[in-house]
file query.txt (compact mmCIF, N, CA and C atoms and all ligand atoms)
# COMPACT_ATOMS: atom_id res chain seq x y z
N MET H 1 12.85 15.36 -3.55
CA MET H 1 11.83 14.57 -2.84
C MET H 1 11.64 13.22 -3.55
N PRO H 2 11.50 12.13 -2.77
CA PRO H 2 11.25 10.84 -3.41
C PRO H 2 9.95 10.87 -4.22
N ARG H 3 9.91 10.02 -5.20
CA ARG H 3 8.69 9.86 -6.01
C ARG H 3 8.29 8.39 -5.94
N MET H 4 7.03 8.14 -6.19
CA MET H 4 6.60 6.75 -6.30
C MET H 4 5.50 6.65 -7.34
N THR H 5 5.27 5.43 -7.79
CA THR H 5 4.28 5.20 -8.84
C THR H 5 3.22 4.23 -8.38
N PHE H 6 1.97 4.60 -8.62
CA PHE H 6 0.85 3.69 -8.40
C PHE H 6 0.42 3.15 -9.76
N ILE H 7 0.22 1.85 -9.85
CA ILE H 7 -0.39 1.29 -11.06
C ILE H 7 -1.85 1.04 -10.70
N LEU H 8 -2.73 1.75 -11.39
CA LEU H 8 -4.15 1.76 -11.03
C LEU H 8 -4.87 0.54 -11.59
N GLN H 9 -6.12 0.37 -11.13
CA GLN H 9 -6.91 -0.79 -11.55
C GLN H 9 -7.04 -0.91 -13.06
N ASP H 10 -7.05 0.23 -13.75
CA ASP H 10 -7.20 0.18 -15.21
C ASP H 10 -5.85 0.01 -15.91
N GLY H 11 -4.79 -0.19 -15.14
CA GLY H 11 -3.48 -0.44 -15.74
C GLY H 11 -2.67 0.82 -15.98
N SER H 12 -3.27 1.98 -15.77
CA SER H 12 -2.52 3.22 -16.00
C SER H 12 -1.61 3.50 -14.80
N CYS H 13 -0.57 4.31 -15.04
CA CYS H 13 0.41 4.63 -14.01
C CYS H 13 0.22 6.04 -13.52
N ARG H 14 0.44 6.24 -12.25
CA ARG H 14 0.34 7.57 -11.65
C ARG H 14 1.61 7.81 -10.87
N GLU H 15 2.47 8.69 -11.34
CA GLU H 15 3.71 8.99 -10.60
C GLU H 15 3.48 10.23 -9.77
N VAL H 16 3.81 10.14 -8.48
CA VAL H 16 3.50 11.25 -7.57
C VAL H 16 4.68 11.52 -6.65
N ASP H 17 4.69 12.73 -6.05
CA ASP H 17 5.66 13.04 -5.00
C ASP H 17 5.36 12.17 -3.80
N ALA H 18 6.42 11.69 -3.15
CA ALA H 18 6.22 10.80 -2.01
C ALA H 18 7.11 11.27 -0.85
N PRO H 19 6.66 12.28 -0.12
CA PRO H 19 7.47 12.83 0.96
C PRO H 19 7.86 11.76 1.99
N ALA H 20 9.13 11.74 2.36
CA ALA H 20 9.60 10.79 3.37
C ALA H 20 8.81 10.99 4.65
N GLY H 21 8.48 9.89 5.30
CA GLY H 21 7.73 9.96 6.56
C GLY H 21 6.26 9.69 6.38
N LEU H 22 5.74 9.88 5.17
CA LEU H 22 4.33 9.58 4.94
C LEU H 22 4.18 8.11 4.57
N SER H 23 3.01 7.55 4.87
CA SER H 23 2.76 6.17 4.45
C SER H 23 2.26 6.17 3.00
N VAL H 24 2.36 5.01 2.38
CA VAL H 24 1.86 4.88 1.01
C VAL H 24 0.37 5.21 0.96
N LEU H 25 -0.35 4.85 2.02
CA LEU H 25 -1.78 5.19 2.08
C LEU H 25 -1.97 6.72 2.07
N GLU H 26 -1.20 7.41 2.89
CA GLU H 26 -1.34 8.87 2.95
C GLU H 26 -0.97 9.52 1.61
N ILE H 27 0.04 8.97 0.98
CA ILE H 27 0.46 9.52 -0.32
C ILE H 27 -0.65 9.30 -1.35
N ALA H 28 -1.24 8.12 -1.33
CA ALA H 28 -2.35 7.83 -2.25
C ALA H 28 -3.48 8.83 -2.02
N GLN H 29 -3.85 9.02 -0.75
CA GLN H 29 -4.99 9.89 -0.45
C GLN H 29 -4.71 11.34 -0.84
N ARG H 30 -3.48 11.78 -0.67
CA ARG H 30 -3.12 13.15 -1.07
C ARG H 30 -3.23 13.38 -2.56
N ASN H 31 -3.12 12.28 -3.30
CA ASN H 31 -3.06 12.41 -4.75
C ASN H 31 -4.30 11.88 -5.45
N GLY H 32 -5.34 11.62 -4.67
CA GLY H 32 -6.59 11.18 -5.28
C GLY H 32 -6.51 9.78 -5.85
N VAL H 33 -5.53 8.98 -5.39
CA VAL H 33 -5.46 7.59 -5.82
C VAL H 33 -6.42 6.80 -4.93
N GLU H 34 -7.24 5.96 -5.56
CA GLU H 34 -8.29 5.29 -4.79
C GLU H 34 -7.78 4.12 -3.97
N LEU H 35 -7.26 4.43 -2.82
CA LEU H 35 -6.86 3.42 -1.86
C LEU H 35 -7.69 3.75 -0.63
N GLU H 36 -8.52 2.81 -0.21
CA GLU H 36 -9.56 3.20 0.74
C GLU H 36 -9.04 3.54 2.14
N GLY H 37 -8.36 2.60 2.76
CA GLY H 37 -7.84 2.88 4.11
C GLY H 37 -8.95 3.08 5.11
N ALA H 38 -9.88 2.12 5.18
CA ALA H 38 -11.08 2.28 6.01
C ALA H 38 -10.79 2.48 7.49
N CYS H 39 -9.70 1.90 7.99
CA CYS H 39 -9.44 2.01 9.43
C CYS H 39 -8.54 3.20 9.75
N GLY H 40 -8.21 3.98 8.75
CA GLY H 40 -7.41 5.17 8.99
C GLY H 40 -5.94 4.87 9.26
N GLY H 41 -5.48 3.72 8.83
CA GLY H 41 -4.05 3.43 8.94
C GLY H 41 -3.65 2.75 10.22
N SER H 42 -4.61 2.13 10.92
CA SER H 42 -4.24 1.49 12.18
C SER H 42 -4.14 -0.02 12.05
N CYS H 43 -3.92 -0.51 10.85
CA CYS H 43 -3.66 -1.94 10.64
C CYS H 43 -4.84 -2.80 11.09
N ALA H 44 -6.05 -2.31 10.89
CA ALA H 44 -7.23 -3.03 11.35
C ALA H 44 -8.23 -3.31 10.23
N CYS H 45 -7.81 -3.15 9.00
CA CYS H 45 -8.66 -3.54 7.87
C CYS H 45 -7.69 -4.04 6.80
N SER H 46 -8.17 -4.28 5.62
CA SER H 46 -7.19 -4.64 4.59
C SER H 46 -7.46 -3.84 3.32
N THR H 47 -8.15 -2.73 3.47
CA THR H 47 -8.56 -1.97 2.29
C THR H 47 -7.43 -1.09 1.74
N CYS H 48 -6.29 -1.09 2.40
CA CYS H 48 -5.16 -0.33 1.86
C CYS H 48 -4.16 -1.29 1.23
N HIS H 49 -4.61 -2.51 0.94
CA HIS H 49 -3.74 -3.53 0.35
C HIS H 49 -3.16 -3.07 -0.98
N VAL H 50 -1.86 -3.19 -1.11
CA VAL H 50 -1.19 -2.92 -2.40
C VAL H 50 -0.24 -4.08 -2.69
N ILE H 51 0.05 -4.25 -3.97
CA ILE H 51 1.02 -5.27 -4.37
C ILE H 51 2.30 -4.52 -4.76
N VAL H 52 3.35 -4.81 -4.04
CA VAL H 52 4.60 -4.07 -4.20
C VAL H 52 5.41 -4.67 -5.35
N GLY H 53 6.03 -3.81 -6.16
CA GLY H 53 6.89 -4.30 -7.23
C GLY H 53 7.97 -5.19 -6.63
N GLU H 54 8.27 -6.30 -7.32
CA GLU H 54 9.18 -7.30 -6.74
C GLU H 54 10.51 -6.71 -6.32
N ALA H 55 11.05 -5.83 -7.14
CA ALA H 55 12.37 -5.27 -6.85
C ALA H 55 12.35 -4.48 -5.55
N TRP H 56 11.19 -4.00 -5.17
CA TRP H 56 11.08 -3.14 -4.00
C TRP H 56 10.73 -3.90 -2.74
N PHE H 57 10.11 -5.02 -2.91
CA PHE H 57 9.57 -5.74 -1.76
C PHE H 57 10.64 -6.00 -0.70
N ALA H 58 11.81 -6.44 -1.14
CA ALA H 58 12.88 -6.79 -0.20
C ALA H 58 13.44 -5.57 0.52
N LYS H 59 13.20 -4.40 -0.03
CA LYS H 59 13.74 -3.19 0.59
C LYS H 59 12.84 -2.65 1.70
N LEU H 60 11.65 -3.20 1.82
CA LEU H 60 10.72 -2.71 2.85
C LEU H 60 11.03 -3.35 4.19
N GLU H 61 10.65 -2.65 5.25
CA GLU H 61 10.73 -3.26 6.58
C GLU H 61 9.81 -4.47 6.56
N PRO H 62 10.20 -5.57 7.22
CA PRO H 62 9.31 -6.74 7.22
C PRO H 62 7.96 -6.41 7.86
N ALA H 63 6.94 -7.12 7.40
CA ALA H 63 5.60 -6.89 7.93
C ALA H 63 5.50 -7.40 9.37
N SER H 64 4.74 -6.69 10.19
CA SER H 64 4.49 -7.14 11.56
C SER H 64 3.49 -8.30 11.52
N GLU H 65 3.35 -8.97 12.65
CA GLU H 65 2.40 -10.06 12.72
C GLU H 65 0.97 -9.55 12.46
N GLU H 66 0.66 -8.38 13.02
CA GLU H 66 -0.69 -7.80 12.82
C GLU H 66 -0.94 -7.55 11.33
N GLU H 67 0.09 -7.03 10.66
CA GLU H 67 -0.09 -6.77 9.23
C GLU H 67 -0.29 -8.07 8.46
N GLU H 68 0.50 -9.10 8.80
CA GLU H 68 0.34 -10.41 8.13
C GLU H 68 -1.08 -10.93 8.32
N ASP H 69 -1.60 -10.79 9.55
CA ASP H 69 -2.95 -11.29 9.84
C ASP H 69 -3.99 -10.57 9.00
N MET H 70 -3.83 -9.26 8.87
CA MET H 70 -4.77 -8.47 8.08
C MET H 70 -4.65 -8.83 6.59
N LEU H 71 -3.41 -9.02 6.15
CA LEU H 71 -3.20 -9.35 4.74
C LEU H 71 -3.87 -10.67 4.36
N ASP H 72 -3.92 -11.60 5.33
CA ASP H 72 -4.57 -12.87 5.05
C ASP H 72 -6.02 -12.68 4.63
N LEU H 73 -6.61 -11.56 5.04
CA LEU H 73 -8.01 -11.29 4.73
C LEU H 73 -8.17 -10.49 3.44
N ALA H 74 -7.06 -10.05 2.88
CA ALA H 74 -7.15 -9.16 1.71
C ALA H 74 -7.55 -9.93 0.47
N PHE H 75 -8.30 -9.27 -0.36
CA PHE H 75 -8.71 -9.86 -1.64
C PHE H 75 -7.55 -9.76 -2.62
N GLY H 76 -7.34 -10.83 -3.38
CA GLY H 76 -6.32 -10.77 -4.43
C GLY H 76 -4.90 -10.74 -3.88
N LEU H 77 -4.68 -11.48 -2.79
CA LEU H 77 -3.37 -11.49 -2.15
C LEU H 77 -2.29 -12.02 -3.10
N ALA H 78 -1.13 -11.37 -3.09
CA ALA H 78 -0.01 -11.81 -3.92
C ALA H 78 1.21 -11.99 -3.02
N LEU H 79 2.26 -12.58 -3.57
CA LEU H 79 3.47 -12.84 -2.77
C LEU H 79 4.08 -11.56 -2.24
N THR H 80 3.90 -10.48 -2.96
CA THR H 80 4.51 -9.22 -2.53
C THR H 80 3.46 -8.23 -2.02
N SER H 81 2.36 -8.76 -1.48
CA SER H 81 1.31 -7.90 -0.92
C SER H 81 1.77 -7.25 0.38
N ARG H 82 1.39 -6.00 0.57
CA ARG H 82 1.60 -5.29 1.84
C ARG H 82 0.41 -4.37 2.07
N LEU H 83 0.32 -3.89 3.31
CA LEU H 83 -0.70 -2.87 3.60
C LEU H 83 -0.07 -1.50 3.36
N GLY H 84 -0.76 -0.70 2.57
CA GLY H 84 -0.21 0.62 2.22
C GLY H 84 0.05 1.51 3.42
N CYS H 85 -0.77 1.34 4.46
CA CYS H 85 -0.59 2.22 5.63
C CYS H 85 0.62 1.84 6.45
N GLN H 86 1.18 0.66 6.18
CA GLN H 86 2.33 0.20 6.97
C GLN H 86 3.65 0.42 6.23
N ILE H 87 3.59 0.92 5.02
CA ILE H 87 4.83 1.22 4.28
C ILE H 87 5.12 2.70 4.47
N ARG H 88 6.20 2.99 5.12
CA ARG H 88 6.58 4.38 5.40
C ARG H 88 7.60 4.80 4.33
N MET H 89 7.32 5.88 3.68
CA MET H 89 8.22 6.33 2.62
C MET H 89 9.53 6.85 3.21
N ARG H 90 10.63 6.53 2.56
CA ARG H 90 11.93 7.10 2.94
C ARG H 90 12.75 7.25 1.67
N GLU H 91 13.86 7.98 1.77
CA GLU H 91 14.66 8.29 0.58
C GLU H 91 15.03 7.02 -0.19
N ALA H 92 15.37 5.96 0.56
CA ALA H 92 15.83 4.73 -0.10
C ALA H 92 14.73 4.08 -0.94
N LEU H 93 13.50 4.51 -0.74
CA LEU H 93 12.39 3.93 -1.51
C LEU H 93 12.02 4.80 -2.71
N ASP H 94 12.86 5.77 -3.01
CA ASP H 94 12.60 6.64 -4.16
C ASP H 94 12.42 5.78 -5.41
N GLY H 95 11.28 5.93 -6.08
CA GLY H 95 11.02 5.15 -7.28
C GLY H 95 10.11 3.95 -7.03
N LEU H 96 9.69 3.78 -5.77
CA LEU H 96 8.82 2.66 -5.39
C LEU H 96 7.62 2.54 -6.35
N VAL H 97 7.30 1.29 -6.69
CA VAL H 97 6.13 1.04 -7.54
C VAL H 97 5.20 0.08 -6.81
N VAL H 98 3.93 0.46 -6.67
CA VAL H 98 2.94 -0.45 -6.10
C VAL H 98 1.72 -0.52 -7.03
N THR H 99 1.10 -1.70 -7.05
CA THR H 99 -0.08 -1.92 -7.88
C THR H 99 -1.30 -2.03 -6.98
N LEU H 100 -2.38 -1.39 -7.37
CA LEU H 100 -3.62 -1.54 -6.61
C LEU H 100 -4.27 -2.85 -7.04
N PRO H 101 -4.72 -3.67 -6.07
CA PRO H 101 -5.39 -4.91 -6.45
C PRO H 101 -6.70 -4.60 -7.16
N ALA H 102 -7.21 -5.58 -7.86
CA ALA H 102 -8.41 -5.35 -8.67
C ALA H 102 -9.60 -4.93 -7.82
N ALA H 103 -9.66 -5.40 -6.59
CA ALA H 103 -10.78 -5.03 -5.72
C ALA H 103 -10.34 -5.21 -4.28
N THR H 104 -11.02 -4.57 -3.36
CA THR H 104 -10.71 -4.77 -1.96
C THR H 104 -11.96 -5.27 -1.27
N ARG H 105 -11.74 -5.94 -0.16
CA ARG H 105 -12.88 -6.39 0.62
C ARG H 105 -12.79 -5.65 1.95
N ASN H 106 -13.77 -4.87 2.24
CA ASN H 106 -13.72 -4.09 3.47
C ASN H 106 -14.31 -4.88 4.61
N MET H 107 -13.41 -5.42 5.46
CA MET H 107 -13.86 -6.26 6.56
C MET H 107 -14.68 -5.47 7.56
N MET H 108 -14.54 -4.14 7.54
CA MET H 108 -15.23 -3.35 8.55
C MET H 108 -16.71 -3.19 8.22
N VAL H 109 -17.09 -3.31 6.97
CA VAL H 109 -18.52 -3.18 6.66
C VAL H 109 -19.13 -4.51 6.23
N ASP H 110 -18.29 -5.49 5.87
CA ASP H 110 -18.84 -6.76 5.41
C ASP H 110 -19.46 -7.57 6.54
N GLN H 111 -19.01 -7.28 7.75
CA GLN H 111 -19.43 -8.18 8.84
C GLN H 111 -20.78 -7.80 9.39
FE1 LIG L 1 -6.66 -0.19 7.46
FE2 LIG L 1 -4.24 0.05 6.38
S1 LIG L 1 -5.84 1.46 6.39
S2 LIG L 1 -5.03 -1.57 7.51
call {"tool": "encode", "arguments": {"input": "query.txt", "output": "structure tokens", "more": "lines below"}}
Ligand code: FES
result
Amino acid sequence: MPRMTFILQDGSCREVDAPAGLSVLEIAQRNGVELEGACGGSCACSTCHVIVGEAWFAKLEPASEEEEDMLDLAFGLALTSRLGCQIRMREALDGLVVTLPAATRNMMVDQ
């Protein structure tokens, strides 16, 4: 089974099983990694924002326009930012590393 690593806000690493077909958000939630995912993975918030390791970024499917729009609202945006709910795990992503941003801004409750 593929594995992936989350780098948490405190800088520690969490390596977990990452079953193909699940999103990075779902994998985080299964493993108690604090990735909020306020909209439940429907690309309508930015609380599942993760920063993808550079080596991995190019291997991901390109972001949709909706995802780009949501990312523009994310706190702490980086060049390799993606929404965790839009990254679908597959064998080729075995070893994926993503970093949780220092904070998220939940557009669903801020307004
Ligand atoms: Fe809301 Fe990913 S969970 S955009």
call {"tool": "closest_residue", "arguments": {"input": "query.txt", "among": "H:Ala55, H:Gly76, H:Cys45, H:Ile7", "to": "Val33 of chain H", "atoms": "only C-alpha atoms"}}
result
H:Ile7
call {"tool": "closest_atom_pairs", "arguments": {"input": "query.txt", "of": "chain H", "to": "ligand LIG 1 (chain L)", "cutoff": "8 Å", "atoms": "only C-alpha atoms and all ligand atoms", "output": "CSV"}}
result
residue,atom,partner,partner_atom,distance
H:Leu25,CA,L:LIG1,S1,7.0
H:Glu36,CA,L:LIG1,S1,7.0
H:Gly37,CA,L:LIG1,S1,3.3
H:Ala38,CA,L:LIG1,FE1,5.3
H:Cys39,CA,L:LIG1,FE1,4.1
H:Gly40,CA,L:LIG1,S1,4.8
H:Gly41,CA,L:LIG1,S1,3.7
H:Ser42,CA,L:LIG1,FE1,5.6
H:Cys43,CA,L:LIG1,S2,3.4
H:Ala44,CA,L:LIG1,S2,4.7
H:Cys45,CA,L:LIG1,FE1,3.9
H:Ser46,CA,L:LIG1,S2,4.8
H:Thr47,CA,L:LIG1,FE1,5.8
H:Cys48,CA,L:LIG1,FE2,4.6
H:His49,CA,L:LIG1,FE2,7.0
H:Glu67,CA,L:LIG1,S2,7.4
H:Met70,CA,L:LIG1,S2,6.9
H:Leu83,CA,L:LIG1,FE2,5.4
H:Gly84,CA,L:LIG1,FE2,5.8
H:Cys85,CA,L:LIG1,FE2,4.3
H:Gln86,CA,L:LIG1,FE2,6.6
call {"tool": "residues_around", "arguments": {"input": "query.txt", "residues": "Met4 of chain H", "least_positions_apart": "3", "cutoff": "8 Å", "atoms": "only N, CA and C atoms", "output": "PyMOL selection string"}}
result
chain H and resi 1+7+14-19+93-98
call {"tool": "select_by_dssp", "arguments": {"input": "query.txt", "residues": "chain H", "states": "strand (DSSP E or B)", "output": "PyMOL selection string"}}
result
chain H and resi 3-7+13-17+23+49-52+81-83+88+96-99
call {"tool": "atom_distance", "arguments": {"input": "query.txt", "atom1": "atom N of Leu71 of chain H", "atom2": "atom N of Pro101 of chain H"}}
result
13.4 Å
call {"tool": "axis_aligned_box", "arguments": {"input": "query.txt", "around": "segment 30-36 of chain H", "padding_each_side": "8 Å", "output": "JSON"}}
result
{"center_x": -6.3, "center_y": 8.1, "center_z": -1.9, "size_x": 22.5, "size_y": 26.6, "size_z": 24.0}
call {"tool": "atom_distance", "arguments": {"input": "query.txt", "atom1": "atom CA of Pro2 of chain H", "atom2": "atom CA of Asp69 of chain H"}}
result
29.4 Å
call {"tool": "closest_residue", "arguments": {"input": "query.txt", "among": "H:Ala63, H:Ala102, H:Ala58, H:Ile51", "to": "Thr80 of chain H", "atoms": "all atoms listed in the file"}}
result
H:Ile51
call {"tool": "closest_residue", "arguments": {"input": "query.txt", "among": "H:Leu79, H:Lys59, H:Val52, H:Asp72", "to": "Ala92 of chain H", "atoms": "all atoms listed in the file"}}
result
H:Lys59
call {"tool": "atom_distance", "arguments": {"input": "query.txt", "atom1": "atom CA of Cys13 of chain H", "atom2": "atom CA of Ser64 of chain H"}}
result
28.4 Å
call {"tool": "closest_residue", "arguments": {"input": "query.txt", "among": "H:Leu77, H:Leu35, H:Leu22, H:Ile27", "to": "Met89 of chain H", "atoms": "all atoms listed in the file"}}
result
H:Leu22
call {"tool": "select_by_dssp", "arguments": {"input": "query.txt", "residues": "segment 11-107 of chain H", "states": "helix (DSSP H, G or I)", "output": "list of chain:residue names"}}
result
H:Val24, H:Leu25, H:Glu26, H:Ile27, H:Ala28, H:Gln29, H:Arg30, H:Glu54, H:Ala55, H:Trp56, H:Phe57, H:Glu65, H:Glu66, H:Glu67, H:Glu68, H:Asp69, H:Met70, H:Leu71, H:Gly84, H:Cys85, H:Gln86, H:Glu91, H:Ala92, H:Leu93, H:Met107
call {"tool": "write_last_selection", "arguments": {"input": "query.txt", "atoms": "N, CA and C atoms", "output": "tab-separated table (two decimals), keeping the file's coordinate frame"}}
result
chain	number	residue	atom	x	y	z
H	24	VAL	N	2.36	5.01	2.38
H	24	VAL	CA	1.86	4.88	1.01
H	24	VAL	C	0.37	5.21	0.96
H	25	LEU	N	-0.35	4.85	2.02
H	25	LEU	CA	-1.78	5.19	2.08
H	25	LEU	C	-1.97	6.72	2.07
H	26	GLU	N	-1.20	7.41	2.89
H	26	GLU	CA	-1.34	8.87	2.95
H	26	GLU	C	-0.97	9.52	1.61
H	27	ILE	N	0.04	8.97	0.98
H	27	ILE	CA	0.46	9.52	-0.32
H	27	ILE	C	-0.65	9.30	-1.35
H	28	ALA	N	-1.24	8.12	-1.33
H	28	ALA	CA	-2.35	7.83	-2.25
H	28	ALA	C	-3.48	8.83	-2.02
H	29	GLN	N	-3.85	9.02	-0.75
H	29	GLN	CA	-4.99	9.89	-0.45
H	29	GLN	C	-4.71	11.34	-0.84
H	30	ARG	N	-3.48	11.78	-0.67
H	30	ARG	CA	-3.12	13.15	-1.07
H	30	ARG	C	-3.23	13.38	-2.56
H	54	GLU	N	8.27	-6.30	-7.32
H	54	GLU	CA	9.18	-7.30	-6.74
H	54	GLU	C	10.51	-6.71	-6.32
H	55	ALA	N	11.05	-5.83	-7.14
H	55	ALA	CA	12.37	-5.27	-6.85
H	55	ALA	C	12.35	-4.48	-5.55
H	56	TRP	N	11.19	-4.00	-5.17
H	56	TRP	CA	11.08	-3.14	-4.00
H	56	TRP	C	10.73	-3.90	-2.74
H	57	PHE	N	10.11	-5.02	-2.91
H	57	PHE	CA	9.57	-5.74	-1.76
H	57	PHE	C	10.64	-6.00	-0.70
H	65	GLU	N	3.35	-8.97	12.65
H	65	GLU	CA	2.40	-10.06	12.72
H	65	GLU	C	0.97	-9.55	12.46
H	66	GLU	N	0.66	-8.38	13.02
H	66	GLU	CA	-0.69	-7.80	12.82
H	66	GLU	C	-0.94	-7.55	11.33
H	67	GLU	N	0.09	-7.03	10.66
H	67	GLU	CA	-0.09	-6.77	9.23
H	67	GLU	C	-0.29	-8.07	8.46
H	68	GLU	N	0.50	-9.10	8.80
H	68	GLU	CA	0.34	-10.41	8.13
H	68	GLU	C	-1.08	-10.93	8.32
H	69	ASP	N	-1.60	-10.79	9.55
H	69	ASP	CA	-2.95	-11.29	9.84
H	69	ASP	C	-3.99	-10.57	9.00
H	70	MET	N	-3.83	-9.26	8.87
H	70	MET	CA	-4.77	-8.47	8.08
H	70	MET	C	-4.65	-8.83	6.59
H	71	LEU	N	-3.41	-9.02	6.15
H	71	LEU	CA	-3.20	-9.35	4.74
H	71	LEU	C	-3.87	-10.67	4.36
H	84	GLY	N	-0.76	-0.70	2.57
H	84	GLY	CA	-0.21	0.62	2.22
H	84	GLY	C	0.05	1.51	3.42
H	85	CYS	N	-0.77	1.34	4.46
H	85	CYS	CA	-0.59	2.22	5.63
H	85	CYS	C	0.62	1.84	6.45
H	86	GLN	N	1.18	0.66	6.18
H	86	GLN	CA	2.33	0.20	6.97
H	86	GLN	C	3.65	0.42	6.23
H	91	GLU	N	13.86	7.98	1.77
H	91	GLU	CA	14.66	8.29	0.58
H	91	GLU	C	15.03	7.02	-0.19
H	92	ALA	N	15.37	5.96	0.56
H	92	ALA	CA	15.83	4.73	-0.10
H	92	ALA	C	14.73	4.08	-0.94
H	93	LEU	N	13.50	4.51	-0.74
H	93	LEU	CA	12.39	3.93	-1.51
H	93	LEU	C	12.02	4.80	-2.71
H	107	MET	N	-13.41	-5.42	5.46
H	107	MET	CA	-13.86	-6.26	6.56
H	107	MET	C	-14.68	-5.47	7.56
call {"tool": "closest_residue", "arguments": {"input": "query.txt", "among": "H:Val50, H:Ser12, H:Ile87, H:Glu66", "to": "Glu26 of chain H", "atoms": "only C-alpha atoms"}}
result
H:Ile87
call {"tool": "closest_residue", "arguments": {"input": "query.txt", "among": "H:Gly11, H:Glu68, H:Gly21, H:Phe6", "to": "Glu91 of chain H", "atoms": "only N, CA and C atoms"}}
result
H:Gly21
call {"tool": "build_atoms", "arguments": {"input": "query.txt", "residues": "segment 85-100 of chain H", "atoms": "N, CA, C and O atoms", "output": "PDB file, in the coordinates of the input"}}
result
ATOM      1  N   CYS H  85      -0.770   1.340   4.460  1.00  0.00           N
ATOM      2  CA  CYS H  85      -0.590   2.220   5.630  1.00  0.00           C
ATOM      3  C   CYS H  85       0.620   1.840   6.450  1.00  0.00           C
ATOM      4  O   CYS H  85       1.026   2.584   7.345  1.00  0.00           O
ATOM      5  N   GLN H  86       1.180   0.660   6.180  1.00  0.00           N
ATOM      6  CA  GLN H  86       2.330   0.200   6.970  1.00  0.00           C
ATOM      7  C   GLN H  86       3.650   0.420   6.230  1.00  0.00           C
ATOM      8  O   GLN H  86       4.717   0.109   6.765  1.00  0.00           O
ATOM      9  N   ILE H  87       3.590   0.920   5.020  1.00  0.00           N
ATOM     10  CA  ILE H  87       4.830   1.220   4.280  1.00  0.00           C
ATOM     11  C   ILE H  87       5.120   2.700   4.470  1.00  0.00           C
ATOM     12  O   ILE H  87       4.339   3.553   4.056  1.00  0.00           O
ATOM     13  N   ARG H  88       6.200   2.990   5.120  1.00  0.00           N
ATOM     14  CA  ARG H  88       6.580   4.380   5.400  1.00  0.00           C
ATOM     15  C   ARG H  88       7.600   4.800   4.330  1.00  0.00           C
ATOM     16  O   ARG H  88       8.598   4.127   4.108  1.00  0.00           O
ATOM     17  N   MET H  89       7.320   5.880   3.680  1.00  0.00           N
ATOM     18  CA  MET H  89       8.220   6.330   2.620  1.00  0.00           C
ATOM     19  C   MET H  89       9.530   6.850   3.210  1.00  0.00           C
ATOM     20  O   MET H  89       9.544   7.477   4.263  1.00  0.00           O
ATOM     21  N   ARG H  90      10.630   6.530   2.560  1.00  0.00           N
ATOM     22  CA  ARG H  90      11.930   7.100   2.940  1.00  0.00           C
ATOM     23  C   ARG H  90      12.750   7.250   1.670  1.00  0.00           C
ATOM     24  O   ARG H  90      12.381   6.691   0.619  1.00  0.00           O
ATOM     25  N   GLU H  91      13.860   7.980   1.770  1.00  0.00           N
ATOM     26  CA  GLU H  91      14.660   8.290   0.580  1.00  0.00           C
ATOM     27  C   GLU H  91      15.030   7.020  -0.190  1.00  0.00           C
ATOM     28  O   GLU H  91      15.003   7.001  -1.419  1.00  0.00           O
ATOM     29  N   ALA H  92      15.370   5.960   0.560  1.00  0.00           N
ATOM     30  CA  ALA H  92      15.830   4.730  -0.100  1.00  0.00           C
ATOM     31  C   ALA H  92      14.730   4.080  -0.940  1.00  0.00           C
ATOM     32  O   ALA H  92      15.004   3.209  -1.762  1.00  0.00           O
ATOM     33  N   LEU H  93      13.500   4.510  -0.740  1.00  0.00           N
ATOM     34  CA  LEU H  93      12.390   3.930  -1.510  1.00  0.00           C
ATOM     35  C   LEU H  93      12.020   4.800  -2.710  1.00  0.00           C
ATOM     36  O   LEU H  93      10.979   4.582  -3.342  1.00  0.00           O
ATOM     37  N   ASP H  94      12.860   5.770  -3.010  1.00  0.00           N
ATOM     38  CA  ASP H  94      12.600   6.640  -4.160  1.00  0.00           C
ATOM     39  C   ASP H  94      12.420   5.780  -5.410  1.00  0.00           C
ATOM     40  O   ASP H  94      13.287   4.955  -5.733  1.00  0.00           O
ATOM     41  N   GLY H  95      11.280   5.930  -6.080  1.00  0.00           N
ATOM     42  CA  GLY H  95      11.020   5.150  -7.280  1.00  0.00           C
ATOM     43  C   GLY H  95      10.110   3.950  -7.030  1.00  0.00           C
ATOM     44  O   GLY H  95       9.778   3.205  -7.957  1.00  0.00           O
ATOM     45  N   LEU H  96       9.690   3.780  -5.770  1.00  0.00           N
ATOM     46  CA  LEU H  96       8.820   2.660  -5.390  1.00  0.00           C
ATOM     47  C   LEU H  96       7.620   2.540  -6.350  1.00  0.00           C
ATOM     48  O   LEU H  96       7.037   3.545  -6.748  1.00  0.00           O
ATOM     49  N   VAL H  97       7.300   1.290  -6.690  1.00  0.00           N
ATOM     50  CA  VAL H  97       6.130   1.040  -7.540  1.00  0.00           C
ATOM     51  C   VAL H  97       5.200   0.080  -6.810  1.00  0.00           C
ATOM     52  O   VAL H  97       5.632  -0.967  -6.334  1.00  0.00           O
ATOM     53  N   VAL H  98       3.930   0.460  -6.670  1.00  0.00           N
ATOM     54  CA  VAL H  98       2.940  -0.450  -6.100  1.00  0.00           C
ATOM     55  C   VAL H  98       1.720  -0.520  -7.030  1.00  0.00           C
ATOM     56  O   VAL H  98       1.387   0.447  -7.701  1.00  0.00           O
ATOM     57  N   THR H  99       1.100  -1.700  -7.050  1.00  0.00           N
ATOM     58  CA  THR H  99      -0.080  -1.920  -7.880  1.00  0.00           C
ATOM     59  C   THR H  99      -1.300  -2.030  -6.980  1.00  0.00           C
ATOM     60  O   THR H  99      -1.249  -2.699  -5.938  1.00  0.00           O
ATOM     61  N   LEU H 100      -2.380  -1.390  -7.370  1.00  0.00           N
ATOM     62  CA  LEU H 100      -3.620  -1.540  -6.610  1.00  0.00           C
ATOM     63  C   LEU H 100      -4.270  -2.850  -7.040  1.00  0.00           C
ATOM     64  O   LEU H 100      -4.380  -3.136  -8.218  1.00  0.00           O
TER      65      LEU H 100
END
